[in-house]
Amino acid sequence: MKWVKVLMARPKLILICQSLGKFVTNEDGTLLYAGGEAHAVDITPETLFNDLKLKLAEMWNLAYESLSIKYFLPGNRRTLITLANDKDLKRMYEFHGNSVTADVYIQGKAGFDREALSFPGRTAGLKEAEAIMPVAACVAAAPTNSDIVVTPLVVKHSISVPSVANLTPVTPVSSFSHTTSTPGAASSTPPDSTSDANAKNSPSVDMDSTPAETVKKRRRSASWKGDANGPTIVANTNDGGKKRKTTPRRKSISKRNTDAVEDDVEQKQDNSSGNAALVSSADVPPERLMELWKDGITGVGQEFKSVYEFREALQRYAIAHRFMYRLKKNDTNRASGRCIAEDCSWKIYASWDSSTHSFKIKNMNETHTCGGKSWESAHPAKNWVVSIIKDRLQDSPHHKPKQLAKSILQDFGVELNYTQVWRGIGDARQQLHGSYKEAYNQLPWLCEKMTEANPGSLIKLFISDEKRFERLFLSFHASIHGFQIGCRPILFLEATSMKSKFHEVLLTASALDGDDSVFPVAFGVVDNENNDNWQWFLEQLKSVLLISQSITFVSDREKELKSAVLNLFENAHHAYSIYHLLESFKRSSKGPFNGEGKNSLPINFLAAAHAIRLDTFKLHTEQIKKVSSQAYDWLMDVEQEYWTSTSFKGEPYNHVTLNVAETYTKWMEEVREAPIVQKIELLQCKTMELINTGRTDSSKWCTKLTPLKEQKLREQRNKAYGHKVLFSSDTLFEVHGDSTNVVNVETWSCSCLGWKRSGLPCSHAVAVFSCTGRNIYDYCSRYFTADSFRLTYSETINSVNSNMKSMNNDDKTKLETTLVLPPVTSRSPTQNKKKESETGAVKKVRPVTCTRCKETGHNKATCKAN
């Protein structure tokens, strides 16, 4: 039989780019995009994300920095995924496989400016198509007082666009136009107009409900929201000692989350329709922003919608003109301010004008006689610092305080110390993600909703007597079903930091699917990693695993989980992770090194672990001994029955040398700044994406085995050429090749031991099947078949939106009465190394050993021996 490998180039993918519409939620929770227009763009695997973003920004006349691109996973119309980089674009291309088209949804601020971009435009791998109209609908015109491009529309009928054949050219891209407001222009529509009412009452969907989306692209909302004292730069000392009426913190948090979407839309409209100085700093470059702020206060007669808008404009006006002021009279009806420098003539007075229903400047002296002395002792208001930091964190969530302080100094000339920026980052993240502490109150509600949406799942929340979070176990029915029906009985136990403010630890149990990819089975969130929490996690895991066969548990040797595993699970096998064992082996390897040197130690270590025969194992360990006797002694202290192929009795596992925990570490890195609720949602979302991807990919396979195992079987077929087969009986055969081996087809074994170890027939068995006419696939492990892989990913996970707006009144009432506190921080303090001068101890330095002459005191480069 001759094998021919055919290479086929992947086709291009046509992106149906839709905008100017809105999402509507169906009864089953799926999202429908209604209204708007669409254009088609071709992409290839070589297309770069920045090129695509630039093309779409120019096509839709949107600001490049504000452009957001979202799409649905195949078969999932509930969760939107955001494209943020080249990796995301490639993943979307792979998700859609050989599909002809893919729908993407565009939104952003109006106004494309190529000259403002700091890089030249490229369009590699992009091909522009004609505009298409995906929806036959009556589209309402965008309000003239808003610069938000994604406008709520009223749609009666919609038509989907499943393929290229359905695309109907309407207008060329060059003819596309839309109406935007002029910055700084006064609004012609009163606040209580019909258009605003329709905008508020029209159905809307929170586009940023997914945790991974929330971190990658934040919702663009107004950066400032005034309070009773206003955003003054210096605190008012003449407040008369009056106390403000406050709202209980729990109700305030609940109300803020409930009205987040409405406040977002209203404040965007206020900022765009009012003064240009109120534009968010994320929308325009700092130089242009300072120019807008300088014109934020124009003089007597200028009108504002409220005192809050006046305070914001005045604060930015002062920053731009480099002076400081104090508000002496400051309430909702009037505001009077003076420069803080003594005898300076600058002053301003504004109050509410009932005739025009606006907050109007009544008196202003624009002249400063202080010579800029007030700016020398400038201390910017906290809310201004928070708003600037918030805008920067929206695009780069992992900015460091020093980086932010440097950028603020360069852009605005305001010098901030480390503490100011650090505190501003905390407040900005709380505005972006919500309160870290209050998020724990949502956990009971979230666990209840996830259990209702995914019957058969085990989701348990444990709270201490002091109402503090202790533990959370999370295992979805789709994961349990996939492991029991399609995965090998192997579970990798790992612990990962959740990058949380309260230092929670994520415990995971992961299996391997038929293609040797990581398959999440269960998650555990605990306050810290210790033996008690691992014991609890294993007890919960045992309650969801209903299989009777023995399971091989793989963990880090240093965690000492062997006794807990063997006591809880009958007939179980415990093994040491090859990855962690290799890392420990590298750390313990010390010189002097001989022969091939230190670099050969990991190679011989892995060869010894994978050796099937005892003589081969001894050969590689002797090679280690020749290089380093200390490394050899360390290796011999590790029990061979827990990591070597020659002695291990459980399911073969040690071919997996990757770090299983790295998958979860990357997940947590995406939402490292998010509260606990969004981290839990991310685990659900990522597992759902993984299962959807596995189901979609396997549906296109036409082979009997998974791609990886099919390739390995092909390699054994190639090795089988030239083997001679002698018949001993109907089931027993003798195969002659490089060596002589005995194959027993009844017991699925070969004297080379390769068949039993890998689960796939070795080359000797393949030669027997070729001579006897047996089907080779009948003798492969069932775990490696494509059918078993499809069963592994056959079930689905239903997502739950934790946004407060999606709660009913009963849930909101229950949430307000729930009290769950964060765990007590238990991370041990860093142990500082004592200086040599303080301890008096002399640090021992290992002598340098030459690999050429084996003498100490010099290396190979300076060796003078012949």
# chains A, B, ... in the order shown; residues from 1 in each chain; ligands from 1
>>> residues_around(residues="His858 of chain A", least_positions_apart="6", cutoff="10 Å", atoms="only C-alpha atoms", output="count of residues only")
6
>>> residues_around(residues="segment 718-725 of chain A", least_positions_apart="2", cutoff="8 Å", atoms="only C-alpha atoms", output="PyMOL selection string")
chain A and resi 714-716+727+733-737+763-764+766-768+771
>>> atom_distance(atom1="atom CA of Val638 of chain A", atom2="atom CA of Phe617 of chain A")
14.1 Å
>>> residues_around(residues="Ile485 of chain A", least_positions_apart="3", cutoff="8 Å", atoms="only C-alpha atoms", output="list in words")
His481, Gly482, Ser788, Leu791 and Thr792 of chain A
>>> decode(residues="segment 455-499 of chain A", atoms="N, CA and C atoms", output="PDB file, in the first residue's frame")
ATOM      1  N   PRO A 455     -27.587  21.288  33.988  1.00  0.00           N
ATOM      2  CA  PRO A 455     -28.004  20.169  34.836  1.00  0.00           C
ATOM      3  C   PRO A 455     -26.970  19.042  34.816  1.00  0.00           C
ATOM      4  N   GLY A 456     -26.795  18.425  35.977  1.00  0.00           N
ATOM      5  CA  GLY A 456     -25.814  17.360  36.081  1.00  0.00           C
ATOM      6  C   GLY A 456     -24.443  17.829  36.507  1.00  0.00           C
ATOM      7  N   SER A 457     -24.255  19.138  36.609  1.00  0.00           N
ATOM      8  CA  SER A 457     -22.972  19.688  37.043  1.00  0.00           C
ATOM      9  C   SER A 457     -22.913  19.734  38.565  1.00  0.00           C
ATOM     10  N   LEU A 458     -21.715  19.720  39.096  1.00  0.00           N
ATOM     11  CA  LEU A 458     -21.518  19.848  40.543  1.00  0.00           C
ATOM     12  C   LEU A 458     -20.811  21.163  40.816  1.00  0.00           C
ATOM     13  N   ILE A 459     -21.543  22.093  41.419  1.00  0.00           N
ATOM     14  CA  ILE A 459     -20.997  23.416  41.740  1.00  0.00           C
ATOM     15  C   ILE A 459     -21.321  23.685  43.206  1.00  0.00           C
ATOM     16  N   LYS A 460     -20.306  23.717  44.040  1.00  0.00           N
ATOM     17  CA  LYS A 460     -20.484  23.875  45.477  1.00  0.00           C
ATOM     18  C   LYS A 460     -19.664  25.053  45.980  1.00  0.00           C
ATOM     19  N   LEU A 461     -20.306  25.893  46.786  1.00  0.00           N
ATOM     20  CA  LEU A 461     -19.638  27.029  47.409  1.00  0.00           C
ATOM     21  C   LEU A 461     -19.608  26.812  48.917  1.00  0.00           C
ATOM     22  N   PHE A 462     -18.443  26.932  49.516  1.00  0.00           N
ATOM     23  CA  PHE A 462     -18.270  26.734  50.958  1.00  0.00           C
ATOM     24  C   PHE A 462     -17.863  28.061  51.588  1.00  0.00           C
ATOM     25  N   ILE A 463     -18.603  28.441  52.628  1.00  0.00           N
ATOM     26  CA  ILE A 463     -18.364  29.701  53.328  1.00  0.00           C
ATOM     27  C   ILE A 463     -18.121  29.388  54.802  1.00  0.00           C
ATOM     28  N   SER A 464     -17.193  30.082  55.425  1.00  0.00           N
ATOM     29  CA  SER A 464     -16.864  29.840  56.829  1.00  0.00           C
ATOM     30  C   SER A 464     -17.942  30.409  57.743  1.00  0.00           C
ATOM     31  N   ASP A 465     -17.818  30.134  59.008  1.00  0.00           N
ATOM     32  CA  ASP A 465     -18.769  30.651  59.991  1.00  0.00           C
ATOM     33  C   ASP A 465     -18.709  32.167  60.081  1.00  0.00           C
ATOM     34  N   GLU A 466     -17.589  32.740  59.708  1.00  0.00           N
ATOM     35  CA  GLU A 466     -17.451  34.200  59.719  1.00  0.00           C
ATOM     36  C   GLU A 466     -17.914  34.824  58.402  1.00  0.00           C
ATOM     37  N   LYS A 467     -18.622  34.032  57.586  1.00  0.00           N
ATOM     38  CA  LYS A 467     -19.149  34.500  56.293  1.00  0.00           C
ATOM     39  C   LYS A 467     -18.043  34.821  55.299  1.00  0.00           C
ATOM     40  N   ARG A 468     -16.894  34.181  55.450  1.00  0.00           N
ATOM     41  CA  ARG A 468     -15.796  34.400  54.520  1.00  0.00           C
ATOM     42  C   ARG A 468     -15.708  33.255  53.502  1.00  0.00           C
ATOM     43  N   PHE A 469     -15.307  33.629  52.303  1.00  0.00           N
ATOM     44  CA  PHE A 469     -15.134  32.627  51.253  1.00  0.00           C
ATOM     45  C   PHE A 469     -14.018  31.648  51.642  1.00  0.00           C
ATOM     46  N   GLU A 470     -14.294  30.350  51.461  1.00  0.00           N
ATOM     47  CA  GLU A 470     -13.295  29.333  51.742  1.00  0.00           C
ATOM     48  C   GLU A 470     -12.953  28.521  50.500  1.00  0.00           C
ATOM     49  N   ARG A 471     -13.997  27.906  49.888  1.00  0.00           N
ATOM     50  CA  ARG A 471     -13.739  26.998  48.776  1.00  0.00           C
ATOM     51  C   ARG A 471     -14.894  27.030  47.782  1.00  0.00           C
ATOM     52  N   LEU A 472     -14.551  26.735  46.539  1.00  0.00           N
ATOM     53  CA  LEU A 472     -15.548  26.612  45.478  1.00  0.00           C
ATOM     54  C   LEU A 472     -15.134  25.472  44.563  1.00  0.00           C
ATOM     55  N   PHE A 473     -16.043  24.513  44.371  1.00  0.00           N
ATOM     56  CA  PHE A 473     -15.788  23.386  43.458  1.00  0.00           C
ATOM     57  C   PHE A 473     -16.676  23.553  42.243  1.00  0.00           C
ATOM     58  N   LEU A 474     -16.089  23.327  41.069  1.00  0.00           N
ATOM     59  CA  LEU A 474     -16.789  23.584  39.816  1.00  0.00           C
ATOM     60  C   LEU A 474     -16.444  22.483  38.818  1.00  0.00           C
ATOM     61  N   SER A 475     -17.448  21.682  38.467  1.00  0.00           N
ATOM     62  CA  SER A 475     -17.263  20.630  37.466  1.00  0.00           C
ATOM     63  C   SER A 475     -18.541  20.534  36.638  1.00  0.00           C
ATOM     64  N   PHE A 476     -18.436  20.870  35.345  1.00  0.00           N
ATOM     65  CA  PHE A 476     -19.602  20.884  34.468  1.00  0.00           C
ATOM     66  C   PHE A 476     -19.929  19.476  33.973  1.00  0.00           C
ATOM     67  N   HIS A 477     -21.208  19.273  33.722  1.00  0.00           N
ATOM     68  CA  HIS A 477     -21.656  17.966  33.231  1.00  0.00           C
ATOM     69  C   HIS A 477     -20.970  17.603  31.919  1.00  0.00           C
ATOM     70  N   ALA A 478     -20.744  18.573  31.053  1.00  0.00           N
ATOM     71  CA  ALA A 478     -20.088  18.289  29.773  1.00  0.00           C
ATOM     72  C   ALA A 478     -18.673  17.768  29.992  1.00  0.00           C
ATOM     73  N   SER A 479     -17.970  18.291  30.986  1.00  0.00           N
ATOM     74  CA  SER A 479     -16.618  17.818  31.279  1.00  0.00           C
ATOM     75  C   SER A 479     -16.635  16.430  31.907  1.00  0.00           C
ATOM     76  N   ILE A 480     -17.557  16.224  32.837  1.00  0.00           N
ATOM     77  CA  ILE A 480     -17.655  14.915  33.486  1.00  0.00           C
ATOM     78  C   ILE A 480     -17.999  13.844  32.448  1.00  0.00           C
ATOM     79  N   HIS A 481     -18.988  14.126  31.614  1.00  0.00           N
ATOM     80  CA  HIS A 481     -19.416  13.181  30.591  1.00  0.00           C
ATOM     81  C   HIS A 481     -18.285  12.898  29.601  1.00  0.00           C
ATOM     82  N   GLY A 482     -17.572  13.943  29.181  1.00  0.00           N
ATOM     83  CA  GLY A 482     -16.497  13.759  28.219  1.00  0.00           C
ATOM     84  C   GLY A 482     -15.370  12.912  28.762  1.00  0.00           C
ATOM     85  N   PHE A 483     -15.028  13.104  30.043  1.00  0.00           N
ATOM     86  CA  PHE A 483     -13.956  12.305  30.637  1.00  0.00           C
ATOM     87  C   PHE A 483     -14.358  10.842  30.780  1.00  0.00           C
ATOM     88  N   GLN A 484     -15.565  10.606  31.241  1.00  0.00           N
ATOM     89  CA  GLN A 484     -15.991   9.238  31.505  1.00  0.00           C
ATOM     90  C   GLN A 484     -16.193   8.417  30.242  1.00  0.00           C
ATOM     91  N   ILE A 485     -16.578   9.050  29.148  1.00  0.00           N
ATOM     92  CA  ILE A 485     -16.955   8.293  27.962  1.00  0.00           C
ATOM     93  C   ILE A 485     -15.884   8.287  26.877  1.00  0.00           C
ATOM     94  N   GLY A 486     -14.953   9.254  26.919  1.00  0.00           N
ATOM     95  CA  GLY A 486     -14.019   9.322  25.802  1.00  0.00           C
ATOM     96  C   GLY A 486     -12.557   9.505  26.137  1.00  0.00           C
ATOM     97  N   CYS A 487     -12.204   9.779  27.394  1.00  0.00           N
ATOM     98  CA  CYS A 487     -10.808  10.053  27.746  1.00  0.00           C
ATOM     99  C   CYS A 487     -10.165   8.864  28.444  1.00  0.00           C
ATOM    100  N   ARG A 488      -8.862   8.783  28.313  1.00  0.00           N
ATOM    101  CA  ARG A 488      -8.123   7.768  29.054  1.00  0.00           C
ATOM    102  C   ARG A 488      -8.216   8.057  30.555  1.00  0.00           C
ATOM    103  N   PRO A 489      -8.133   7.049  31.389  1.00  0.00           N
ATOM    104  CA  PRO A 489      -8.260   7.259  32.845  1.00  0.00           C
ATOM    105  C   PRO A 489      -6.991   7.868  33.437  1.00  0.00           C
ATOM    106  N   ILE A 490      -6.705   9.085  33.030  1.00  0.00           N
ATOM    107  CA  ILE A 490      -5.549   9.827  33.543  1.00  0.00           C
ATOM    108  C   ILE A 490      -6.027  11.208  33.964  1.00  0.00           C
ATOM    109  N   LEU A 491      -5.625  11.668  35.140  1.00  0.00           N
ATOM    110  CA  LEU A 491      -5.967  12.997  35.621  1.00  0.00           C
ATOM    111  C   LEU A 491      -4.712  13.681  36.154  1.00  0.00           C
ATOM    112  N   PHE A 492      -4.443  14.870  35.628  1.00  0.00           N
ATOM    113  CA  PHE A 492      -3.308  15.669  36.078  1.00  0.00           C
ATOM    114  C   PHE A 492      -3.806  16.672  37.119  1.00  0.00           C
ATOM    115  N   LEU A 493      -3.206  16.654  38.286  1.00  0.00           N
ATOM    116  CA  LEU A 493      -3.562  17.557  39.382  1.00  0.00           C
ATOM    117  C   LEU A 493      -2.553  18.697  39.429  1.00  0.00           C
ATOM    118  N   GLU A 494      -3.054  19.934  39.275  1.00  0.00           N
ATOM    119  CA  GLU A 494      -2.183  21.098  39.237  1.00  0.00           C
ATOM    120  C   GLU A 494      -2.779  22.218  40.085  1.00  0.00           C
ATOM    121  N   ALA A 495      -1.925  23.121  40.521  1.00  0.00           N
ATOM    122  CA  ALA A 495      -2.338  24.314  41.267  1.00  0.00           C
ATOM    123  C   ALA A 495      -1.785  25.541  40.561  1.00  0.00           C
ATOM    124  N   THR A 496      -2.635  26.575  40.408  1.00  0.00           N
ATOM    125  CA  THR A 496      -2.266  27.793  39.684  1.00  0.00           C
ATOM    126  C   THR A 496      -2.734  29.001  40.469  1.00  0.00           C
ATOM    127  N   SER A 497      -1.903  30.023  40.512  1.00  0.00           N
ATOM    128  CA  SER A 497      -2.314  31.268  41.153  1.00  0.00           C
ATOM    129  C   SER A 497      -3.376  31.960  40.304  1.00  0.00           C
ATOM    130  N   MET A 498      -4.387  32.519  40.959  1.00  0.00           N
ATOM    131  CA  MET A 498      -5.454  33.216  40.251  1.00  0.00           C
ATOM    132  C   MET A 498      -5.163  34.694  40.057  1.00  0.00           C
ATOM    133  N   LYS A 499      -3.943  35.119  40.408  1.00  0.00           N
ATOM    134  CA  LYS A 499      -3.540  36.518  40.221  1.00  0.00           C
ATOM    135  C   LYS A 499      -4.541  37.469  40.878  1.00  0.00           C
TER     136      LYS A 499
END
